Amino acid sequence: MRDNVPETTGLATYNFAYLDEQTKRMIRRAILKAIAIPGYQVPFASREMPMPYGWGTGGVQVTAAILGPDDVLKVIDQGADDTTNAVSIRAFFQKVAHVAVTTKTREATIIQTRHRIPEGKLTEGQTLVYQVPIPEPLRFLEPRETETRKMHALEEYGLMHVKLYEDIARNGHIATTYAYPVKVEGRYVMDPSPTPKFDNPKMHRSEALQLFGAGREKRIYAVPPFTDVVSLDFEDHPFEVQKFDKPCALCGAENVYLDEVVLDDKGGRMFVCSDTDHCEDRREHGHAGHMLANKEAAE
Amino acid sequence: MYVAVKGGEAAIANAHRLLADRRRGDRSLPAISIDQIVAQLGLAVDRVMAEASLYDRALAALAVRQARGDMIEAIFILRAYRTTLPRFGSSVPVDTAVMQIERRVSATYKDLPGGQLLGPTFDYTHRLLDPSLLSDEEIDGPLEKEPLSEPLIRVLDILAGEGLIEEDGDLPQDHIPGDLTREPLEFPLERDLRLQALARGDEGFLLSLAYSTQRGYARTHPFVGEVRIGEVEVELDLPELGFAVSLGRIQVTECQMVNQFKGSAKSPPQFTRGYGLVFGQSERKAMAMSLVDRALRAEEFGEDIVAPAQDEEFVISHSDNVQATGFVEHLKLPHYVDFQAELDLVRRMRAEYDKKQAAPELREAAE
């Protein structure tokens with residue numbers, strides 16, 4: 001595959017997977033350290049990437065550093081392969097690394113994601129790369145990096161518990177719906193990236209390696225396979241995930257995360273799987289939701 | 001869904017095609033050349049070089065053209081190229097004392113050795129739109145005089161001679177300057193890294209912060225000791241040769257700000273320094289940088305930290321316009337998964353609220 005990379009001629013030529021090998025080595029070192037200390041945010045010398053900060057530069061750098069010519073890459077945004085930024089990042093790696101890409105969760109060796117964890121169980125040998133905007137779970141309680149690093153070092157997480165408690169006192173329940181803080185292997189409190197808390201249980205003892213890249217904030221962290229990831233809660237207010245009243249309108253799946261699709265301006269709504277590959281796969285296997293059935297009946 | 005993926009790809013390709021069309025604009029007009037941008041939009045090119053931390057006029061001009069004149073976009077394009085370049089060494093510190101000077105002014109002395117040299121400044125132009133520029137009229141060449149035989153003494157060296165100003169920097173001789181583009185920043189920063197961050201910081205952001213220090217938010221009593229613009233030699237030490245060789249000359253703008261300081265338990269009353277150094281010609285940026293540099297040294301001088309311009313984490317974390325624009329603009333990317341979660345929560349809380357509102361009536365009805 002490396003033979004396909006254009007030869008170095010003057011200005012605009014780039015290494016396999018864009019980053020130069022020294023940079024990749026630096027990022028791999030950070031990743032190894034992150035794996036060795038699950039949940040700990042490792043500072044790394046994040047590079048300017050050819051897409052803007054906020055578009056997944058951290059995830060792209062992690063993927064670029066671990067990607068080999070034989071990998072099969074899947075990129076999702078909001079759970080879907082067809083969102084424009086997922087399309088764009090996938091095209092980027094096709095262009096600079098000539099890797100095989102897929103939309104099938106099962107076939108992928110590396111899955112880069114923004115805001116979701118695939119519904120299907122990930123397996124050993126797969127790596128899930130998260131794009132992270134704000135890696136610091138304590139950031140909105142304490143804006144200063146100098147302070148939050150100290151709090152992590154001292155395992156001083158009282159502030160977070162107080163915040164969750166105040167939620168309960170005020171609302172009767174915890175009012176955090178995404179980026180819900182977790183504790184990793186009983187030590188570091190970690191931001192799971194802005195995935196809905198629905199996805200938190202999937203991180204717990206996952207067979208896949210989970211890597212988190214925050215480009216603008218210059219941090220990498222990791223959850224190695226089979227690591228405890230526990231959502232913060234209280235004995236009398238145990239952690240709960242979102243529940244949807246109806247199954248997916250297209251594939252009939254229950255206990256999956258659904259997107260609300262507005263159908264008209266008269267309050268018409270349908271709920272469909274946010275994980276497009278999962279939905280498609282189920283339909284291929286003969287599952288049908290009520291909207292799909294209606295559609296077919298009409299035809 | 002496979003079709004949808006293709007659809008996304010086609011949409012992006014079409015958007016890029018439209019962008020290229022808009023960039024080129026009216027085809028009946030000649031395309032603007034890189035040489036023209038370098039020659040006639042030189043200060044735009046300078047700003048791109050400064051905030052991209054890459055001194056290359058042609059590439060900066062290309063970026064300006066590619067970005068349709070959007071400066072931050074141009075800075076971003078050039079930085080994304082810079083980051084892929086190998087780093088093979090650090091230059092010897094440039095010596096601005098032996099700068100080949102085009103402009104040099106001091107606000108602290110009426111006259112001084114070498115005099116005040118105005119150079120190509122807007123300062124005393126009247127900002128009247130000039131209709132003569134509508135046509136390409138002949139422009140007189142500049143007056144030329146003999147180059148100065150002696151280097152111009154730096155104004156702050158005059159003060160230093162009297163011992164009235166602090167030493168210039170107190171980092172140890174063997175200190176290896178950091179590189180914020182190669183190492184993650186860790187607060188608090190040494191001054192070298194801080195100055196690096198300021199040198200590539202957004203001109204507008206630094207300008208506003210600097211302005212705030214003049215309006216009472218961390219007052220530093222500044223005087224422009226000197227602003228100088230000109231060319232300096234960049235030299236690289238080659239271990240194989242045992243001496244430094246010249247790589248070429250670059251144009252820089254340097255500002256040395258002199259600030260009042262009443263003295264503290266540790267140091268006597270003396271003037272203190274704020275420093276600004278920027279690629280190309282950018283006095284506004286160099287001056288703003290030197291004001292912010294001085295404000296950020298508050299802790300060093302035992303001053304109370306009371307204003308945003310003194311807060312290192314606040315200033316440095318938010319001075320980078322490529323980072324800032326990325327994170328602000330990323331809000332337009334899809335967020336519907338998280339929004340769905342919030343929607344669900346608000347609906348639930350709203351239902352609870354409505355139930356509570358209805359409850360008193362029920363109680364009354366039961367009575």
# chains A, B, ... in the order shown; residues from 1 in each chain; ligands from 1

call {"tool": "interface_residues", "arguments": {"of": "chain B", "to": "chain A", "cutoff": "7 Å", "atoms": "only C-alpha atoms", "output": "list in words"}}
result
Ala4, Val5, Gly8, Glu9, Arg79, Ala80, Thr83, Thr84, Thr181, Arg182, Glu183, Pro184, Phe187, Gln323, Gly326, Phe327, His330, Val337, Asp338, Gln340, Ala341 and Glu342 of chain B

call {"tool": "write_last_selection", "arguments": {"atoms": "N, CA and C atoms", "output": "PDB file, in the first residue's frame"}}
result
ATOM      1  N   ALA B   4     -26.946   7.145   0.573  1.00  0.00           N
ATOM      2  CA  ALA B   4     -26.807   8.358   1.384  1.00  0.00           C
ATOM      3  C   ALA B   4     -25.335   8.710   1.578  1.00  0.00           C
ATOM      4  N   VAL B   5     -24.490   7.703   1.780  1.00  0.00           N
ATOM      5  CA  VAL B   5     -23.057   7.961   1.947  1.00  0.00           C
ATOM      6  C   VAL B   5     -22.523   8.630   0.700  1.00  0.00           C
ATOM      7  N   GLY B   8     -23.567  12.212   0.529  1.00  0.00           N
ATOM      8  CA  GLY B   8     -22.735  13.104   1.328  1.00  0.00           C
ATOM      9  C   GLY B   8     -21.457  13.465   0.595  1.00  0.00           C
ATOM     10  N   GLU B   9     -20.856  12.469  -0.026  1.00  0.00           N
ATOM     11  CA  GLU B   9     -19.618  12.710  -0.763  1.00  0.00           C
ATOM     12  C   GLU B   9     -19.857  13.678  -1.917  1.00  0.00           C
ATOM     13  N   ARG B  79      -0.424  27.114   8.648  1.00  0.00           N
ATOM     14  CA  ARG B  79       0.007  26.359   9.827  1.00  0.00           C
ATOM     15  C   ARG B  79      -0.078  24.855   9.604  1.00  0.00           C
ATOM     16  N   ALA B  80      -1.144  24.448   8.917  1.00  0.00           N
ATOM     17  CA  ALA B  80      -1.310  23.015   8.675  1.00  0.00           C
ATOM     18  C   ALA B  80      -0.205  22.502   7.763  1.00  0.00           C
ATOM     19  N   THR B  83       3.207  22.469  10.083  1.00  0.00           N
ATOM     20  CA  THR B  83       3.310  21.400  11.071  1.00  0.00           C
ATOM     21  C   THR B  83       3.879  20.119  10.471  1.00  0.00           C
ATOM     22  N   THR B  84       3.833  19.992   9.136  1.00  0.00           N
ATOM     23  CA  THR B  84       4.365  18.776   8.514  1.00  0.00           C
ATOM     24  C   THR B  84       5.855  18.894   8.208  1.00  0.00           C
ATOM     25  N   THR B 181       4.896  24.258  19.507  1.00  0.00           N
ATOM     26  CA  THR B 181       4.300  23.479  18.425  1.00  0.00           C
ATOM     27  C   THR B 181       4.760  22.026  18.462  1.00  0.00           C
ATOM     28  N   ARG B 182       5.689  21.715  19.352  1.00  0.00           N
ATOM     29  CA  ARG B 182       6.204  20.348  19.440  1.00  0.00           C
ATOM     30  C   ARG B 182       6.011  19.715  20.809  1.00  0.00           C
ATOM     31  N   GLU B 183       5.701  20.540  21.796  1.00  0.00           N
ATOM     32  CA  GLU B 183       5.470  19.998  23.137  1.00  0.00           C
ATOM     33  C   GLU B 183       4.154  20.552  23.658  1.00  0.00           C
ATOM     34  N   PRO B 184       3.439  19.741  24.451  1.00  0.00           N
ATOM     35  CA  PRO B 184       2.188  20.261  25.005  1.00  0.00           C
ATOM     36  C   PRO B 184       2.477  21.371  26.018  1.00  0.00           C
ATOM     37  N   PHE B 187       0.882  24.764  32.145  1.00  0.00           N
ATOM     38  CA  PHE B 187       0.882  25.996  32.927  1.00  0.00           C
ATOM     39  C   PHE B 187       1.417  25.731  34.320  1.00  0.00           C
ATOM     40  N   GLN B 323      -7.367  27.786  16.886  1.00  0.00           N
ATOM     41  CA  GLN B 323      -8.088  26.964  17.860  1.00  0.00           C
ATOM     42  C   GLN B 323      -9.467  27.556  18.145  1.00  0.00           C
ATOM     43  N   GLY B 326     -11.951  27.245  15.303  1.00  0.00           N
ATOM     44  CA  GLY B 326     -12.360  25.852  15.146  1.00  0.00           C
ATOM     45  C   GLY B 326     -13.420  25.470  16.145  1.00  0.00           C
ATOM     46  N   PHE B 327     -13.176  25.806  17.405  1.00  0.00           N
ATOM     47  CA  PHE B 327     -14.106  25.336  18.429  1.00  0.00           C
ATOM     48  C   PHE B 327     -15.430  26.095  18.394  1.00  0.00           C
ATOM     49  N   HIS B 330     -17.256  24.779  15.270  1.00  0.00           N
ATOM     50  CA  HIS B 330     -17.641  23.368  15.235  1.00  0.00           C
ATOM     51  C   HIS B 330     -19.076  23.180  15.733  1.00  0.00           C
ATOM     52  N   VAL B 337     -27.487  13.919  18.382  1.00  0.00           N
ATOM     53  CA  VAL B 337     -27.573  12.834  19.363  1.00  0.00           C
ATOM     54  C   VAL B 337     -27.666  13.411  20.778  1.00  0.00           C
ATOM     55  N   ASP B 338     -26.771  14.371  21.069  1.00  0.00           N
ATOM     56  CA  ASP B 338     -26.801  14.983  22.396  1.00  0.00           C
ATOM     57  C   ASP B 338     -28.053  15.841  22.568  1.00  0.00           C
ATOM     58  N   GLN B 340     -30.890  15.266  21.281  1.00  0.00           N
ATOM     59  CA  GLN B 340     -31.981  14.329  21.555  1.00  0.00           C
ATOM     60  C   GLN B 340     -32.048  14.014  23.049  1.00  0.00           C
ATOM     61  N   ALA B 341     -30.865  13.810  23.644  1.00  0.00           N
ATOM     62  CA  ALA B 341     -30.803  13.500  25.070  1.00  0.00           C
ATOM     63  C   ALA B 341     -31.325  14.674  25.894  1.00  0.00           C
ATOM     64  N   GLU B 342     -30.965  15.895  25.478  1.00  0.00           N
ATOM     65  CA  GLU B 342     -31.419  17.085  26.193  1.00  0.00           C
ATOM     66  C   GLU B 342     -32.923  17.296  26.004  1.00  0.00           C
TER      67      GLU B 342
END

call {"tool": "residues_around", "arguments": {"residues": "stretch 109-122 of chain B", "least_positions_apart": "5", "cutoff": "8 Å", "atoms": "only C-alpha atoms", "output": "list in words"}}
result
Glu102, Arg103, Arg104, Leu152 and Ile153 of chain B

call {"tool": "atom_distance", "arguments": {"atom1": "atom CA of B:Tyr124", "atom2": "atom CA of B:Cys255"}}
result
19.3 Å

call {"tool": "residues_around", "arguments": {"residues": "B:Phe205", "least_positions_apart": "4", "cutoff": "12 Å", "atoms": "only C-alpha atoms", "output": "compact mmCIF listing (two decimals) with N, CA and C atoms, in the first residue's frame"}}
result
# COMPACT_ATOMS: atom_id res chain seq x y z
N LEU B 198 2.31 34.32 22.42
CA LEU B 198 1.83 35.66 22.08
C LEU B 198 2.20 36.02 20.64
N ALA B 199 3.39 35.59 20.21
CA ALA B 199 3.86 35.95 18.87
C ALA B 199 2.95 35.36 17.79
N ARG B 200 2.34 34.19 18.07
CA ARG B 200 1.41 33.62 17.09
C ARG B 200 -0.04 33.84 17.49
N GLY B 201 -0.24 34.60 18.56
CA GLY B 201 -1.59 34.86 19.03
C GLY B 201 -2.35 35.79 18.09
N LEU B 209 -6.87 42.98 24.62
CA LEU B 209 -6.33 42.78 25.97
C LEU B 209 -5.37 43.92 26.34
N ALA B 210 -4.51 44.27 25.37
CA ALA B 210 -3.55 45.34 25.61
C ALA B 210 -4.31 46.63 25.93
N TYR B 211 -5.34 46.87 25.16
CA TYR B 211 -6.18 48.06 25.36
C TYR B 211 -6.79 48.05 26.76
N SER B 212 -7.22 46.89 27.20
CA SER B 212 -7.84 46.81 28.53
C SER B 212 -6.86 47.21 29.63
N ARG B 284 1.24 47.18 15.32
CA ARG B 284 0.09 47.02 16.23
C ARG B 284 0.24 45.73 17.03
N LYS B 285 0.57 44.66 16.33
CA LYS B 285 0.72 43.37 17.00
C LYS B 285 1.90 43.39 17.97
N ALA B 288 0.97 45.50 21.04
CA ALA B 288 -0.02 44.81 21.88
C ALA B 288 0.64 43.66 22.62
N MET B 289 1.48 42.94 21.91
CA MET B 289 2.19 41.80 22.52
C MET B 289 3.04 42.26 23.70
N VAL B 292 0.83 43.05 26.70
CA VAL B 292 0.28 41.84 27.33
C VAL B 292 1.40 41.05 28.02
N PRO B 308 -8.12 40.28 33.52
CA PRO B 308 -7.93 39.19 32.55
C PRO B 308 -6.55 39.20 31.90
N ALA B 309 -6.02 40.38 31.57
CA ALA B 309 -4.74 40.44 30.85
C ALA B 309 -3.57 39.91 31.67
N PHE B 314 -5.78 32.14 31.20
CA PHE B 314 -6.87 32.72 30.42
C PHE B 314 -6.36 33.28 29.09
N VAL B 315 -5.28 34.06 29.17
CA VAL B 315 -4.79 34.73 27.95
C VAL B 315 -4.25 33.71 26.95
N ILE B 316 -3.34 32.85 27.41
CA ILE B 316 -2.66 31.96 26.46
C ILE B 316 -3.61 30.89 25.94
N SER B 317 -4.52 30.43 26.79
CA SER B 317 -5.44 29.38 26.32
C SER B 317 -6.41 29.89 25.26
N HIS B 318 -6.58 31.21 25.19
CA HIS B 318 -7.59 31.72 24.26
C HIS B 318 -7.04 32.66 23.20
N SER B 319 -5.71 32.74 23.10
CA SER B 319 -5.12 33.69 22.16
C SER B 319 -4.95 33.11 20.76
N ASP B 320 -5.08 31.83 20.62
CA ASP B 320 -4.83 31.18 19.33
C ASP B 320 -6.10 31.19 18.48
N ASN B 321 -6.06 31.96 17.40
CA ASN B 321 -7.30 32.13 16.63
C ASN B 321 -7.69 30.89 15.82
N ALA B 324 -9.46 28.86 18.37
CA ALA B 324 -10.72 29.52 18.75
C ALA B 324 -11.77 29.39 17.66

call {"tool": "closest_residue", "arguments": {"among": "B:Val92, B:Ala58, B:Ala307, B:Ala63", "to": "B:Ala244", "atoms": "only C-alpha atoms"}}
result
B:Val92
